[in-house]
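Listing of start-v3.cif, mmCIF, C-alpha atoms (C1' of nucleotides)
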```
data_run
#
loop_
_atom_site.label_atom_id
_atom_site.label_comp_id
_atom_site.auth_asym_id
_atom_site.auth_seq_id
_atom_site.Cartn_x
_atom_site.Cartn_y
_atom_site.Cartn_z
CA MET A 1 -69.17 -30.78 -3.51
CA GLY A 2 -66.04 -31.48 -1.53
CA ASP A 3 -66.51 -28.40 0.56
CA GLU A 4 -69.42 -30.02 2.34
CA THR A 5 -68.67 -31.70 5.64
CA LYS A 6 -70.68 -34.24 7.60
CA ASN A 7 -72.39 -31.65 9.72
CA GLY A 8 -73.36 -29.74 6.60
CA GLN A 9 -71.15 -26.70 7.10
CA PRO A 10 -69.27 -25.83 3.94
CA TYR A 11 -65.76 -24.62 4.55
CA HIS A 12 -63.07 -22.96 2.54
CA LEU A 13 -59.87 -21.94 4.22
CA ASP A 14 -59.35 -19.13 1.73
CA SER A 15 -62.53 -17.34 2.78
CA GLN A 16 -61.58 -17.18 6.45
CA VAL A 17 -60.65 -13.71 7.70
CA GLY A 18 -57.60 -14.88 9.55
CA PHE A 19 -56.12 -16.61 6.56
CA THR A 20 -56.61 -13.54 4.39
CA MET A 21 -55.34 -11.14 7.04
CA ARG A 22 -52.22 -13.23 7.44
CA GLN A 23 -51.47 -13.00 3.76
CA ALA A 24 -52.19 -9.28 3.60
CA ASN A 25 -49.79 -8.89 6.49
CA GLN A 26 -47.15 -10.99 4.75
CA ARG A 27 -47.35 -8.75 1.73
CA HIS A 28 -47.07 -5.67 3.92
CA LEU A 29 -44.05 -7.09 5.75
CA SER A 30 -42.29 -7.72 2.48
CA ILE A 31 -42.99 -4.16 1.31
CA PHE A 32 -41.70 -2.85 4.63
CA ALA A 33 -38.49 -4.86 4.43
CA ARG A 34 -37.84 -3.55 0.92
CA HIS A 35 -38.33 0.11 1.88
CA ILE A 36 -36.80 0.01 5.37
CA PRO A 37 -34.22 -2.77 5.52
CA ALA A 38 -32.53 -1.21 8.56
CA LEU A 39 -35.43 -1.89 10.90
CA THR A 40 -38.12 -4.51 11.37
CA PRO A 41 -41.69 -3.22 11.67
CA THR A 42 -41.61 -3.96 15.38
CA GLN A 43 -38.35 -2.12 15.87
CA PHE A 44 -39.65 0.81 13.86
CA ALA A 45 -42.85 0.96 15.91
CA THR A 46 -40.81 0.90 19.09
CA ILE A 47 -38.49 3.72 18.04
CA ALA A 48 -41.30 5.73 16.52
CA LYS A 49 -43.38 5.58 19.69
CA LEU A 50 -40.39 6.33 21.89
CA CYS A 51 -39.60 9.39 19.79
CA GLU A 52 -43.24 10.46 19.98
CA LEU A 53 -43.30 10.08 23.75
CA GLY A 54 -39.78 11.33 24.38
CA GLN A 55 -39.28 8.76 27.12
CA ALA A 56 -41.04 5.78 28.60
CA SER A 57 -40.55 2.75 30.80
CA GLN A 58 -40.13 -0.54 29.00
CA ASN A 59 -43.55 -1.91 29.89
CA ALA A 60 -45.27 1.40 29.14
CA LEU A 61 -43.63 1.48 25.75
CA GLY A 62 -44.83 -2.05 25.19
CA ARG A 63 -48.38 -1.10 26.02
CA ALA A 64 -48.20 1.93 23.73
CA THR A 65 -47.05 -0.23 20.85
CA ALA A 66 -49.15 -3.29 21.66
CA ILE A 67 -46.03 -5.36 22.19
CA ASP A 68 -45.90 -8.04 24.86
CA ALA A 69 -43.66 -7.35 27.86
CA ALA A 70 -41.61 -10.46 27.11
CA THR A 71 -41.31 -9.49 23.46
CA ILE A 72 -40.36 -5.84 23.88
CA LYS A 73 -37.48 -6.84 26.10
CA GLY A 74 -35.74 -8.48 23.15
CA VAL A 75 -36.67 -5.63 20.84
CA VAL A 76 -35.26 -3.02 23.20
CA ASP A 77 -32.16 -5.15 23.80
CA ARG A 78 -31.41 -5.24 20.08
CA LEU A 79 -32.07 -1.51 19.70
CA ARG A 80 -29.79 -0.78 22.66
CA ARG A 81 -27.08 -2.95 21.19
CA ARG A 82 -27.24 -0.75 18.09
CA ASP A 83 -27.21 2.45 20.18
CA LEU A 84 -30.59 3.57 18.93
CA VAL A 85 -32.11 3.54 22.41
CA ALA A 86 -30.60 4.39 25.78
CA SER A 87 -31.71 3.25 29.20
CA SER A 88 -31.31 4.86 32.61
CA PRO A 89 -32.59 3.84 36.02
CA ASP A 90 -35.72 5.57 37.27
CA PRO A 91 -34.95 7.30 40.59
CA ASN A 92 -38.62 7.29 41.59
CA ASP A 93 -39.24 3.60 40.97
CA GLN A 94 -36.37 1.17 41.26
CA ARG A 95 -38.22 -1.45 39.25
CA ARG A 96 -38.41 0.75 36.18
CA VAL A 97 -35.91 1.47 33.48
CA PHE A 98 -36.52 4.69 31.64
CA LEU A 99 -35.88 4.50 27.94
CA THR A 100 -35.00 7.39 25.68
CA PRO A 101 -34.07 7.47 22.02
CA THR A 102 -30.43 8.31 21.35
CA ASP A 103 -29.45 10.99 18.82
CA ALA A 104 -28.70 8.18 16.39
CA GLY A 105 -32.11 6.68 17.08
CA ARG A 106 -33.85 9.99 16.53
CA ALA A 107 -31.86 10.60 13.36
CA LEU A 108 -32.63 7.15 11.97
CA TYR A 109 -36.30 7.58 12.80
CA ALA A 110 -36.47 10.97 11.05
CA SER A 111 -34.59 9.70 8.02
CA VAL A 112 -36.92 6.77 7.63
CA ILE A 113 -40.26 8.57 7.89
CA PRO A 114 -40.59 9.20 4.14
CA ALA A 115 -39.99 5.50 3.50
CA ALA A 116 -42.59 4.65 6.13
CA HIS A 117 -45.13 6.74 4.27
CA ALA A 118 -44.14 4.95 1.08
CA VAL A 119 -44.73 1.60 2.81
CA THR A 120 -48.27 2.55 3.79
CA SER A 121 -48.88 3.96 0.34
CA GLU A 122 -47.63 0.88 -1.48
CA THR A 123 -49.46 -1.46 0.86
CA LEU A 124 -52.73 0.28 0.04
CA SER A 125 -51.90 0.76 -3.64
CA PRO A 126 -54.20 -2.04 -4.91
CA LEU A 127 -57.14 -0.08 -3.53
CA GLU A 128 -58.85 2.98 -5.00
CA PRO A 129 -58.36 6.17 -2.95
CA GLU A 130 -61.90 5.98 -1.53
CA GLU A 131 -61.47 2.30 -0.75
CA ARG A 132 -58.34 3.02 1.28
CA GLU A 133 -60.22 5.27 3.67
CA VAL A 134 -63.00 2.70 4.00
CA PHE A 135 -60.51 -0.09 4.62
CA LEU A 136 -58.62 1.85 7.28
CA ARG A 137 -61.84 2.83 8.99
CA LEU A 138 -63.12 -0.75 9.12
CA LEU A 139 -59.73 -2.09 10.16
CA ARG A 140 -59.60 0.38 13.03
CA LYS A 141 -63.14 -0.50 14.00
CA MET A 142 -62.16 -4.15 14.29
CA ILE A 143 -59.46 -3.68 16.95
CA MET B 1 -47.07 20.06 17.24
CA GLY B 2 -44.79 17.18 18.03
CA ASP B 3 -45.98 15.24 15.02
CA GLU B 4 -44.18 17.60 12.70
CA THR B 5 -40.70 16.56 11.63
CA LYS B 6 -37.92 18.66 10.11
CA ASN B 7 -38.84 17.73 6.57
CA GLY B 8 -42.41 18.72 7.23
CA GLN B 9 -44.00 15.30 7.04
CA PRO B 10 -46.36 14.70 9.94
CA TYR B 11 -46.28 11.19 11.28
CA HIS B 12 -48.40 9.15 13.61
CA LEU B 13 -47.58 5.52 14.16
CA ASP B 14 -51.18 4.73 14.97
CA SER B 15 -52.41 5.75 11.53
CA GLN B 16 -50.03 3.47 9.66
CA VAL B 17 -51.67 0.48 7.99
CA GLY B 18 -49.11 -2.01 9.20
CA PHE B 19 -49.48 -0.98 12.81
CA THR B 20 -53.26 -1.29 12.63
CA MET B 21 -53.13 -4.58 10.72
CA ARG B 22 -50.80 -6.02 13.32
CA GLN B 23 -53.21 -5.17 16.11
CA ALA B 24 -56.23 -6.50 14.21
CA ASN B 25 -54.27 -9.68 13.71
CA GLN B 26 -53.37 -9.87 17.39
CA ARG B 27 -57.03 -9.63 18.31
CA HIS B 28 -57.90 -12.33 15.79
CA LEU B 29 -55.16 -14.61 17.12
CA SER B 30 -56.47 -14.27 20.64
CA ILE B 31 -60.02 -15.08 19.48
CA PHE B 32 -58.68 -18.10 17.62
CA ALA B 33 -56.76 -19.40 20.62
CA ARG B 34 -59.86 -19.11 22.78
CA HIS B 35 -62.10 -21.00 20.35
CA ILE B 36 -59.56 -23.55 19.12
CA PRO B 37 -56.94 -24.12 21.81
CA ALA B 38 -55.91 -27.46 20.29
CA LEU B 39 -54.37 -25.87 17.18
CA THR B 40 -52.54 -22.72 16.23
CA PRO B 41 -53.90 -20.83 13.21
CA THR B 42 -50.95 -22.05 11.16
CA GLN B 43 -51.50 -25.66 12.18
CA PHE B 44 -55.20 -25.34 11.45
CA ALA B 45 -54.54 -23.87 8.01
CA THR B 46 -52.11 -26.69 7.28
CA ILE B 47 -54.53 -29.45 8.28
CA ALA B 48 -57.47 -27.74 6.63
CA LYS B 49 -55.66 -27.41 3.32
CA LEU B 50 -54.34 -30.94 3.50
CA CYS B 51 -57.86 -32.25 4.10
CA GLU B 52 -59.13 -30.14 1.21
CA LEU B 53 -56.44 -31.45 -1.11
CA GLY B 54 -56.42 -35.00 0.23
CA GLN B 55 -52.67 -35.19 -0.17
CA ALA B 56 -49.75 -32.93 -1.05
CA SER B 57 -45.99 -32.66 -0.90
CA GLN B 58 -44.59 -30.55 1.89
CA ASN B 59 -43.52 -27.66 -0.32
CA ALA B 60 -46.76 -27.76 -2.29
CA LEU B 61 -48.74 -27.61 0.92
CA GLY B 62 -46.63 -24.68 1.99
CA ARG B 63 -47.39 -22.84 -1.23
CA ALA B 64 -51.10 -23.58 -0.89
CA THR B 65 -51.16 -22.13 2.61
CA ALA B 66 -48.67 -19.31 2.02
CA ILE B 67 -46.29 -20.81 4.52
CA ASP B 68 -42.55 -20.65 3.99
CA ALA B 69 -40.79 -23.95 3.23
CA ALA B 70 -38.60 -23.53 6.28
CA THR B 71 -41.60 -22.75 8.44
CA ILE B 72 -43.89 -25.53 7.27
CA LYS B 73 -41.28 -28.12 8.09
CA GLY B 74 -41.64 -27.36 11.78
CA VAL B 75 -45.42 -27.15 11.51
CA VAL B 76 -45.63 -30.55 9.81
CA ASP B 77 -43.15 -32.03 12.29
CA ARG B 78 -45.35 -30.99 15.20
CA LEU B 79 -48.50 -32.27 13.50
CA ARG B 80 -46.79 -35.58 12.74
CA ARG B 81 -45.66 -35.90 16.32
CA ARG B 82 -49.32 -35.64 17.31
CA ASP B 83 -50.39 -38.16 14.68
CA LEU B 84 -52.57 -35.68 12.84
CA VAL B 85 -50.58 -35.95 9.63
CA ALA B 86 -48.84 -38.93 8.04
CA SER B 87 -45.97 -38.94 5.54
CA SER B 88 -45.02 -41.48 2.91
CA PRO B 89 -42.28 -41.42 0.28
CA ASP B 90 -43.30 -40.46 -3.27
CA PRO B 91 -42.35 -43.32 -5.64
CA ASN B 92 -42.30 -40.96 -8.64
CA ASP B 93 -39.99 -38.36 -7.14
CA GLN B 94 -37.57 -39.40 -4.43
CA ARG B 95 -37.13 -35.81 -3.28
CA ARG B 96 -40.77 -35.51 -2.31
CA VAL B 97 -42.63 -36.66 0.76
CA PHE B 98 -46.33 -37.05 0.28
CA LEU B 99 -48.39 -35.90 3.21
CA THR B 100 -51.86 -37.13 4.07
CA PRO B 101 -54.11 -36.35 7.02
CA THR B 102 -54.58 -39.24 9.43
CA ASP B 103 -58.03 -40.30 10.58
CA ALA B 104 -57.36 -38.43 13.81
CA GLY B 105 -56.34 -35.37 11.80
CA ARG B 106 -59.45 -35.53 9.67
CA ALA B 107 -61.62 -36.02 12.74
CA LEU B 108 -60.05 -33.11 14.56
CA TYR B 109 -60.42 -30.91 11.50
CA ALA B 110 -64.12 -31.80 11.14
CA SER B 111 -64.80 -31.31 14.82
CA VAL B 112 -63.22 -27.88 14.78
CA ILE B 113 -64.94 -26.42 11.73
CA PRO B 114 -67.86 -24.94 13.69
CA ALA B 115 -65.39 -23.23 16.01
CA ALA B 116 -63.50 -21.92 12.99
CA HIS B 117 -66.67 -20.31 11.70
CA ALA B 118 -67.20 -18.82 15.14
CA VAL B 119 -63.68 -17.38 15.01
CA THR B 120 -64.35 -15.60 11.73
CA SER B 121 -67.70 -14.44 13.00
CA GLU B 122 -66.35 -13.05 16.25
CA THR B 123 -63.39 -11.44 14.52
CA LEU B 124 -65.76 -9.54 12.24
CA SER B 125 -68.34 -8.88 14.96
CA PRO B 126 -67.45 -5.20 15.46
CA LEU B 127 -68.53 -4.57 11.85
CA GLU B 128 -72.03 -4.29 10.44
CA PRO B 129 -73.02 -7.14 8.11
CA GLU B 130 -72.55 -4.98 5.00
CA GLU B 131 -69.22 -3.72 6.29
CA ARG B 132 -67.94 -7.27 6.70
CA GLU B 133 -68.37 -8.01 3.02
CA VAL B 134 -66.72 -4.74 2.09
CA PHE B 135 -63.83 -5.42 4.43
CA LEU B 136 -63.26 -8.94 3.13
CA ARG B 137 -63.42 -7.73 -0.45
CA LEU B 138 -60.88 -4.96 0.12
CA LEU B 139 -58.65 -7.25 2.17
CA ARG B 140 -58.63 -9.82 -0.61
CA LYS B 141 -57.94 -7.09 -3.15
CA MET B 142 -54.86 -6.07 -1.21
CA ILE B 143 -53.06 -9.42 -1.40
"C1'" DC C 1 -22.88 -38.15 -22.05
"C1'" DA C 2 -21.83 -33.61 -19.72
"C1'" DC C 3 -23.58 -29.58 -18.06
"C1'" DA C 4 -26.63 -26.15 -16.30
"C1'" DC C 5 -30.82 -25.23 -14.21
"C1'" DT C 6 -34.61 -26.05 -11.29
"C1'" DC C 7 -37.16 -28.15 -7.68
"C1'" DT C 8 -37.40 -30.24 -3.12
"C1'" DG C 9 -36.49 -30.67 1.45
"C1'" DC C 10 -33.33 -29.51 5.16
"C1'" DT C 11 -30.54 -26.62 8.34
"C1'" DT C 12 -28.92 -22.40 10.56
"C1'" DG C 13 -29.49 -17.82 12.18
"C1'" DT C 14 -32.26 -13.94 13.45
"C1'" DA C 15 -36.57 -11.81 15.04
"C1'" DT C 16 -41.24 -11.74 16.61
"C1'" DA C 17 -44.90 -13.28 19.71
"C1'" DC C 18 -47.03 -14.85 23.87
"C1'" DG C 19 -48.14 -17.86 28.08
"C1'" DA C 20 -46.34 -18.92 32.49
"C1'" DA C 21 -43.61 -18.49 36.33
"C1'" DC C 22 -40.41 -15.66 39.01
"C1'" DA C 23 -38.01 -11.97 42.22
"C1'" DA C 24 -37.81 -7.28 43.46
"C1'" DT C 25 -40.26 -3.33 44.35
"C1'" DA C 26 -44.19 -0.37 45.20
"C1'" DA C 27 -48.79 0.63 46.76
"C1'" DA C 28 -52.90 -0.30 49.41
"C1'" DC C 29 -54.89 -1.72 53.38
"C1'" DG C 30 -56.18 -2.81 58.02
"C1'" DC D 1 -46.45 -1.13 61.31
"C1'" DG D 2 -46.93 -5.54 58.80
"C1'" DT D 3 -49.63 -8.07 55.33
"C1'" DT D 4 -51.60 -8.38 50.97
"C1'" DT D 5 -51.87 -7.11 46.34
"C1'" DA D 6 -50.24 -5.09 42.04
"C1'" DT D 7 -46.61 -3.73 38.91
"C1'" DT D 8 -42.14 -4.18 36.57
"C1'" DG D 9 -38.84 -6.50 34.37
"C1'" DT D 10 -36.92 -11.10 33.54
"C1'" DT D 11 -36.47 -15.95 32.05
"C1'" DC D 12 -38.07 -20.17 29.91
"C1'" DG D 13 -40.62 -22.78 26.60
"C1'" DT D 14 -43.15 -23.10 22.41
"C1'" DA D 15 -44.44 -21.61 17.77
"C1'" DT D 16 -44.26 -18.74 13.75
"C1'" DA D 17 -41.70 -16.47 10.02
"C1'" DC D 18 -38.24 -15.77 6.57
"C1'" DA D 19 -33.41 -15.16 4.44
"C1'" DA D 20 -29.62 -17.81 3.04
"C1'" DG D 21 -27.15 -21.66 2.03
"C1'" DC D 22 -26.85 -26.67 1.32
"C1'" DA D 23 -27.35 -31.46 -0.98
"C1'" DG D 24 -29.90 -34.59 -3.62
"C1'" DA D 25 -33.00 -35.47 -7.49
"C1'" DG D 26 -35.19 -34.38 -11.77
"C1'" DT D 27 -35.13 -31.97 -16.40
"C1'" DG D 28 -33.43 -29.98 -20.21
"C1'" DT D 29 -29.80 -28.55 -23.64
"C1'" DG D 30 -25.65 -28.84 -26.07
#
```
Rewritten as structure tokens:
Amino acid sequence: MGDETKNGQPYHLDSQVGFTMRQANQRHLSIFARHIPALTPTQFATIAKLCELGQASQNALGRATAIDAATIKGVVDRLRRRDLVASSPDPNDQRRVFLTPTDAGRALYASVIPAAHAVTSETLSPLEPEEREVFLRLLRKMI
Amino acid sequence: MGDETKNGQPYHLDSQVGFTMRQANQRHLSIFARHIPALTPTQFATIAKLCELGQASQNALGRATAIDAATIKGVVDRLRRRDLVASSPDPNDQRRVFLTPTDAGRALYASVIPAAHAVTSETLSPLEPEEREVFLRLLRKMI
DNA sequence: CACACTCTGCTTGTATACGAACAATAAACG
DNA sequence: CGTTTATTGTTCGTATACAAGCAGAGTGTG
């Protein structure tokens, strides 16, 4: 009836996972920006992981946050420009640059944690409490 | 224990929805690129919706696909450059440009539908059949 | 008619995101 | 030791993504 193609496979864009995931992500991004305007989600993930780890090389930090090596370079550059992250040469490996959060970076991270919890909470707010656990479990299973 | 901050709120990046959604999306994008190298997910959504609608103005198509007006301009430009989409002036409203899929666009769309189904299928493959329905329902509820 | 308001499309600026290619360095190996 | 291979960080090119601001066109109200 309009959703029937020549080869007989009906198709609706709106029922494709990718299309729905993209929109769910858009909504989340907008919630994030409202609660934490000082950082993008990527920047927050980078600082958060660096604070968790204490220190890391740029590529290692990228792997820990699932950020491409080419991408995390720009992210780290912008965080360094804002003095939230510091870099020092690694004496053991001249290729590496060891990254550490600055005091300002650590302070910003700590100050933003409650908002980060609020972001997750608001993102999941359309779901019932039991549904949230199910959703997170399935989402994690899909990675 | 390292995940305890001064204000007492434990925090783990990996358990945040946004972080997990981003990774699930990354995996989906990589599956998409493998099955449909000719189009990006955004380009596919644009062509698919345009074929569904038959015709649309640029902004309207953007709203239908949840793509920003500034973003869809570039998407449509690239599709036009490849002769997958055609544009004609709207006689009723001189601001609008009516977009229609070309024959090549329609053909590409039709030829790619099976692969699109495969993308959704592979993306959901880590889940049990019942879990997939639950996941899609919750995902849709969250938009 | 004059005016405000809205819609449409465009442009600029910033930030991801990733493939591909590259040089420098390190490690593994014979 | 020298050769090969792998890793690290970088650069380039392409493609989203969205905020903000702009101009032109349509619509409504006084």
request  = Can you pull out every residue within 12 Å of DA23 (chain C), counting only C-alpha atoms (C1' of nucleotides), but drop anything in the same chain fewer than 5 positions away, and send it as a ChimeraX atom specification?
outcome  = /A:95 /D:8-11
ask   = Care to translate the PyMOL selection byres ((chain B) within 6 of (chain A)) into actual residues of this file, as a PyMOL selection string?
value = chain B and resi 17+24+120+126+142-143
With chain A held fixed, move chain B onto it by a least-squares fit of all C-alpha atoms in order and give the output as a CSV table (one decimal) with C-alpha atoms, in the frame of the given file.
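Everything below was put into selection16.csv:
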```
chain,number,residue,atom,x,y,z
B,1,MET,CA,-68.8,-31.0,-3.5
B,2,GLY,CA,-65.7,-31.6,-1.4
B,3,ASP,CA,-66.4,-28.5,0.6
B,4,GLU,CA,-69.3,-30.1,2.3
B,5,THR,CA,-68.7,-31.7,5.7
B,6,LYS,CA,-70.8,-34.2,7.5
B,7,ASN,CA,-72.5,-31.6,9.6
B,8,GLY,CA,-73.4,-29.7,6.5
B,9,GLN,CA,-71.2,-26.7,7.0
B,10,PRO,CA,-69.3,-25.8,3.9
B,11,TYR,CA,-65.8,-24.6,4.5
B,12,HIS,CA,-63.1,-22.9,2.5
B,13,LEU,CA,-59.9,-21.9,4.2
B,14,ASP,CA,-59.4,-19.1,1.7
B,15,SER,CA,-62.5,-17.3,2.7
B,16,GLN,CA,-61.6,-17.2,6.4
B,17,VAL,CA,-60.7,-13.7,7.7
B,18,GLY,CA,-57.6,-14.8,9.5
B,19,PHE,CA,-56.2,-16.6,6.5
B,20,THR,CA,-56.7,-13.5,4.4
B,21,MET,CA,-55.4,-11.1,7.1
B,22,ARG,CA,-52.3,-13.2,7.5
B,23,GLN,CA,-51.5,-13.0,3.8
B,24,ALA,CA,-52.2,-9.2,3.6
B,25,ASN,CA,-49.8,-8.9,6.5
B,26,GLN,CA,-47.2,-11.0,4.8
B,27,ARG,CA,-47.4,-8.7,1.7
B,28,HIS,CA,-47.1,-5.6,3.9
B,29,LEU,CA,-44.1,-7.1,5.8
B,30,SER,CA,-42.3,-7.7,2.5
B,31,ILE,CA,-43.0,-4.2,1.3
B,32,PHE,CA,-41.7,-2.9,4.6
B,33,ALA,CA,-38.5,-4.9,4.5
B,34,ARG,CA,-37.9,-3.6,1.0
B,35,HIS,CA,-38.3,0.1,1.9
B,36,ILE,CA,-36.8,0.0,5.4
B,37,PRO,CA,-34.2,-2.8,5.5
B,38,ALA,CA,-32.5,-1.2,8.5
B,39,LEU,CA,-35.5,-1.9,10.9
B,40,THR,CA,-38.1,-4.5,11.4
B,41,PRO,CA,-41.7,-3.2,11.7
B,42,THR,CA,-41.6,-4.0,15.4
B,43,GLN,CA,-38.3,-2.1,15.9
B,44,PHE,CA,-39.7,0.8,13.9
B,45,ALA,CA,-42.9,1.0,15.9
B,46,THR,CA,-40.8,0.9,19.1
B,47,ILE,CA,-38.5,3.7,18.0
B,48,ALA,CA,-41.3,5.7,16.5
B,49,LYS,CA,-43.4,5.6,19.7
B,50,LEU,CA,-40.4,6.3,21.9
B,51,CYS,CA,-39.6,9.4,19.8
B,52,GLU,CA,-43.2,10.4,20.0
B,53,LEU,CA,-43.3,10.0,23.7
B,54,GLY,CA,-39.8,11.3,24.4
B,55,GLN,CA,-39.3,8.7,27.1
B,56,ALA,CA,-41.1,5.7,28.6
B,57,SER,CA,-40.6,2.7,30.8
B,58,GLN,CA,-40.1,-0.6,29.0
B,59,ASN,CA,-43.5,-1.9,29.9
B,60,ALA,CA,-45.3,1.4,29.2
B,61,LEU,CA,-43.6,1.4,25.8
B,62,GLY,CA,-44.8,-2.1,25.2
B,63,ARG,CA,-48.4,-1.1,26.0
B,64,ALA,CA,-48.2,1.9,23.8
B,65,THR,CA,-47.1,-0.2,20.8
B,66,ALA,CA,-49.2,-3.3,21.6
B,67,ILE,CA,-46.0,-5.4,22.2
B,68,ASP,CA,-45.9,-8.1,24.8
B,69,ALA,CA,-43.6,-7.4,27.8
B,70,ALA,CA,-41.6,-10.5,27.1
B,71,THR,CA,-41.3,-9.5,23.4
B,72,ILE,CA,-40.3,-5.9,23.9
B,73,LYS,CA,-37.5,-6.9,26.1
B,74,GLY,CA,-35.7,-8.5,23.1
B,75,VAL,CA,-36.7,-5.7,20.8
B,76,VAL,CA,-35.2,-3.1,23.2
B,77,ASP,CA,-32.1,-5.2,23.8
B,78,ARG,CA,-31.4,-5.3,20.1
B,79,LEU,CA,-32.0,-1.5,19.7
B,80,ARG,CA,-29.8,-0.8,22.6
B,81,ARG,CA,-27.1,-3.0,21.2
B,82,ARG,CA,-27.2,-0.8,18.1
B,83,ASP,CA,-27.2,2.4,20.1
B,84,LEU,CA,-30.6,3.5,18.9
B,85,VAL,CA,-32.1,3.5,22.4
B,86,ALA,CA,-30.6,4.4,25.8
B,87,SER,CA,-31.7,3.3,29.2
B,88,SER,CA,-31.3,4.9,32.6
B,89,PRO,CA,-32.6,3.9,36.0
B,90,ASP,CA,-35.8,5.7,37.3
B,91,PRO,CA,-35.0,7.4,40.6
B,92,ASN,CA,-38.7,7.4,41.6
B,93,ASP,CA,-39.3,3.7,41.0
B,94,GLN,CA,-36.4,1.3,41.2
B,95,ARG,CA,-38.3,-1.3,39.3
B,96,ARG,CA,-38.5,0.8,36.2
B,97,VAL,CA,-35.9,1.6,33.5
B,98,PHE,CA,-36.6,4.7,31.6
B,99,LEU,CA,-35.9,4.5,27.9
B,100,THR,CA,-35.0,7.4,25.7
B,101,PRO,CA,-34.0,7.5,22.0
B,102,THR,CA,-30.4,8.3,21.3
B,103,ASP,CA,-29.4,11.0,18.8
B,104,ALA,CA,-28.7,8.2,16.4
B,105,GLY,CA,-32.1,6.7,17.1
B,106,ARG,CA,-33.8,10.0,16.5
B,107,ALA,CA,-31.8,10.6,13.3
B,108,LEU,CA,-32.6,7.1,12.0
B,109,TYR,CA,-36.3,7.6,12.8
B,110,ALA,CA,-36.4,10.9,11.0
B,111,SER,CA,-34.6,9.7,8.0
B,112,VAL,CA,-36.9,6.8,7.6
B,113,ILE,CA,-40.2,8.6,7.9
B,114,PRO,CA,-40.6,9.2,4.2
B,115,ALA,CA,-40.0,5.5,3.5
B,116,ALA,CA,-42.6,4.6,6.1
B,117,HIS,CA,-45.1,6.7,4.3
B,118,ALA,CA,-44.1,4.9,1.1
B,119,VAL,CA,-44.7,1.6,2.8
B,120,THR,CA,-48.3,2.6,3.8
B,121,SER,CA,-48.9,4.0,0.4
B,122,GLU,CA,-47.6,0.9,-1.5
B,123,THR,CA,-49.5,-1.5,0.9
B,124,LEU,CA,-52.7,0.3,0.1
B,125,SER,CA,-51.9,0.8,-3.6
B,126,PRO,CA,-54.2,-2.0,-4.9
B,127,LEU,CA,-57.2,0.0,-3.5
B,128,GLU,CA,-58.9,3.1,-4.9
B,129,PRO,CA,-58.4,6.2,-2.9
B,130,GLU,CA,-61.9,6.1,-1.5
B,131,GLU,CA,-61.5,2.4,-0.7
B,132,ARG,CA,-58.3,3.1,1.3
B,133,GLU,CA,-60.2,5.3,3.7
B,134,VAL,CA,-63.0,2.7,4.0
B,135,PHE,CA,-60.5,0.0,4.7
B,136,LEU,CA,-58.6,1.9,7.3
B,137,ARG,CA,-61.8,2.8,9.0
B,138,LEU,CA,-63.1,-0.7,9.1
B,139,LEU,CA,-59.7,-2.1,10.2
B,140,ARG,CA,-59.6,0.4,13.1
B,141,LYS,CA,-63.2,-0.5,14.0
B,142,MET,CA,-62.2,-4.1,14.3
B,143,ILE,CA,-59.5,-3.7,17.0
```
request  = For the structure shown, which residues end up in the PyMOL selection byres ((chain C) within 8 of (chain A))? Put them as an MDAnalysis selection string, please?
outcome  = chainID C and resid 16:18 24:26
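Considering the residues B:Ala118, B:Asn92, B:His35, B:Arg81 and counting only C-alpha atoms (C1' of nucleotides), chain D has its shortest atom-to-atom contact with B:Asn92.
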